[in-house]
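Colleague: Please read through the structure below; I'll follow up with questions.
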Protein chains: 2
Amino acid sequence: MRVEIWSDIACPWCYIGKARFEEGLAAFAHRDDVEVVYRSFELDPGRARGDVAPVVDMLAAKYGRTREEARAMEEHVASVARGQGLEYRVEGREHGGTFDVHRLLHLAKARGRQEALLDLAYRANFAEDRSVYETEVLVRLAVEAGLDEDEARAVLADAAAYADDVRADEREAAELGATGVPFFVLDRRYGVSGGQPAEVFTRALEQAWEGRVPQPVDTASGDAAACGADGTCAV
Amino acid sequence: MRVEIWSDIACPWCYIGKARFEEGLAAFAHRDDVEVVYRSFELDPGRARGDVAPVVDMLAAKYGRTREEARAMEEHVASVARGQGLEYRVEGREHGGTFDVHRLLHLAKARGRQEALLDLAYRANFAEDRSVYETEVLVRLAVEAGLDEDEARAVLADAAAYADDVRADEREAAELGATGVPFFVLDRRYGVSGGQPAEVFTRALEQAWEGRVPQPVDTASGDAAACGADGTCAV
């Protein structure tokens, strides 16, 4: 079974949702037969590279609130994160465009290090005093995730590298009906929106597992042109 | 959209079915949004390494036919292959266990060269006088597919390398209801058995594309814990 998770490193509910999904997955009997793939979704796709602002200021501007009210919103999300066992730093966090982070995650995916880099990037953004909007920080995270430094640097320097992969993921999210993230798709048959409680994920996994035999497509010729598991080939 | 194709290099209908699928895919409007993944399925899983026999002899023994009758069966399959534009050699082809080929294909998959190696292996087995049951031939095919020679050699020498991946594919085929190959699964929702005519694949792709929005899973909390595409996060 395959679960695809559309998310953005800048999205607190994606950070929390990932932990909740993992808790739900751990309670699923067939967890060893589940492959997880992360897909790109930018919360703020138009944002220019380098246009970085403190999260609390960004929230205040976006919602027309005072800094104190915006800080209270962040405190609430932080309390939910902590309830899930995650560190969450309210002061000093920054908001910016995540296109480069997604491009780097696609390099990591091609090298089999996608989840390692994703976890490090979440940690840097939410729990540590490291800005994922700085190229040098991203290079360091890439190396910590097991990627080659020169290769990571080359991808970050070339804005076209893996750009099509990011856009393809985003186009696919729209086609599959995602209106926000995190968005979880189980075997392309079931969708879960949002960082739901762990039990929701366990139930969704069970539902997808039960119904996992694909529907046969009608064919005029039947199953004739095939070789059977006993080694015999229809002629 | 993702299409998974279970097949075996020793299976003539897989060789023909791959070409037919590709013809059907070429006629599908959204072909550029289709990702194809090949999965392992051994036609003769119990067969010992090195237990290789001429295909015609194997067919005669398996079906209790004379060599002439077995040869006629092969000639029939060859004529179908040629009708699909594929070369197919009747004399001199060998049959054997394909576990090593599948292990090597998994290495190629990890290096992004899966289809290149698969095409070369099909060609070697059906069109050329090269035995995919010889380690040196496999090493050469791997190099032609763009893999590192030492790495390919190391995988072939270590019978445990990628063995679990081959078995996981085969277990999954059984769970998804495959009784033979080629077996095509579209987005884990639709299944096509056998090397069907190209039009069947085009129709199946269209059907899967139409119904590709996943079914939402019921959640008590709705979509609350999510960040929207406009960058706002529910709190």
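Ordering of the structure tokens sets the chain letters (A, B, ...); residue numbers start at 1 within each chain; ligands are numbered from 1 in the order shown.
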Kindly determine which residues of chain A lie within 7 Å of chain B, considering only C-alpha atoms, and give the answer as a PyMOL selection string.
Modeller: chain A and resi 11+13+43-44+73+77+176-177+179-182+187-196+200+204+212-217+219+223-231+235
Colleague: Can you list, as number ranges by chain, every protein, DNA or RNA residue that comes within 12 Å of segment 128-135 of chain B when you count only C-alpha atoms, leaving out same-chain residues fewer than 3 positions away?
Modeller: B: 8-10, 47-55, 86-102, 104, 117-118, 120-125, 138-142, 149, 152-158
Colleague: So that I can check the secondary structure, give me every residue of segment 85-154 of chain A assigned helix (DSSP H, G or I) by backbone DSSP, as JSON, numbers by chain.
Modeller: {"A": [99, 100, 101, 102, 103, 104, 105, 106, 107, 108, 109, 110, 114, 115, 116, 117, 118, 119, 120, 121, 122, 123, 124, 125, 126, 127, 135, 136, 137, 138, 139, 140, 141, 142, 143, 144, 149, 150, 151, 152, 153, 154]}
Colleague: Quick one: distance from atom CA of Leu105 of chain A to atom CA of Tyr38 of chain A in Å, one decimal?
Modeller: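 Going from atom CA of Leu105 of chain A over to atom CA of Tyr38 of chain A, I get 8.7 Å.
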Colleague: Looking only at the backbone, which of the residues in segment 17-107 of chain A does DSSP tag as strand (DSSP E), as a VMD selection string?
Modeller: chain A and resid 35 to 40 53 to 54 94 to 95
Colleague: Please measure the separation of atom CA of Glu69 of chain A and atom CA of Ala19 of chain A, giving the value in Å to one decimal.
Modeller: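 Spanning atom CA of Glu69 of chain A to atom CA of Ala19 of chain A is a straight-line distance of 26.7 Å.
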Colleague: Find the residue from B:Leu147, B:Ala161, B:Ala127, B:Leu25 that sits nearest to Glu206 of chain B; use only C-alpha atoms when measuring.
Modeller: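 Answer, going by the shortest atom-to-atom distance: B:Leu25.
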Colleague: Quick one, how far is atom CA of Ala159 of chain A from atom CA of Ser40 of chain A?
Modeller: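 Computed distance, atom CA of Ala159 of chain A to atom CA of Ser40 of chain A, equals 15.6 Å.
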Colleague: Measuring between only C-alpha atoms, which one of B:Glu68, B:Lys18, B:Val36, B:Arg103 shows the shortest distance to Ala163 of chain B?
Modeller: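 Distance minimum relative to Ala163 of chain B lands on B:Arg103.
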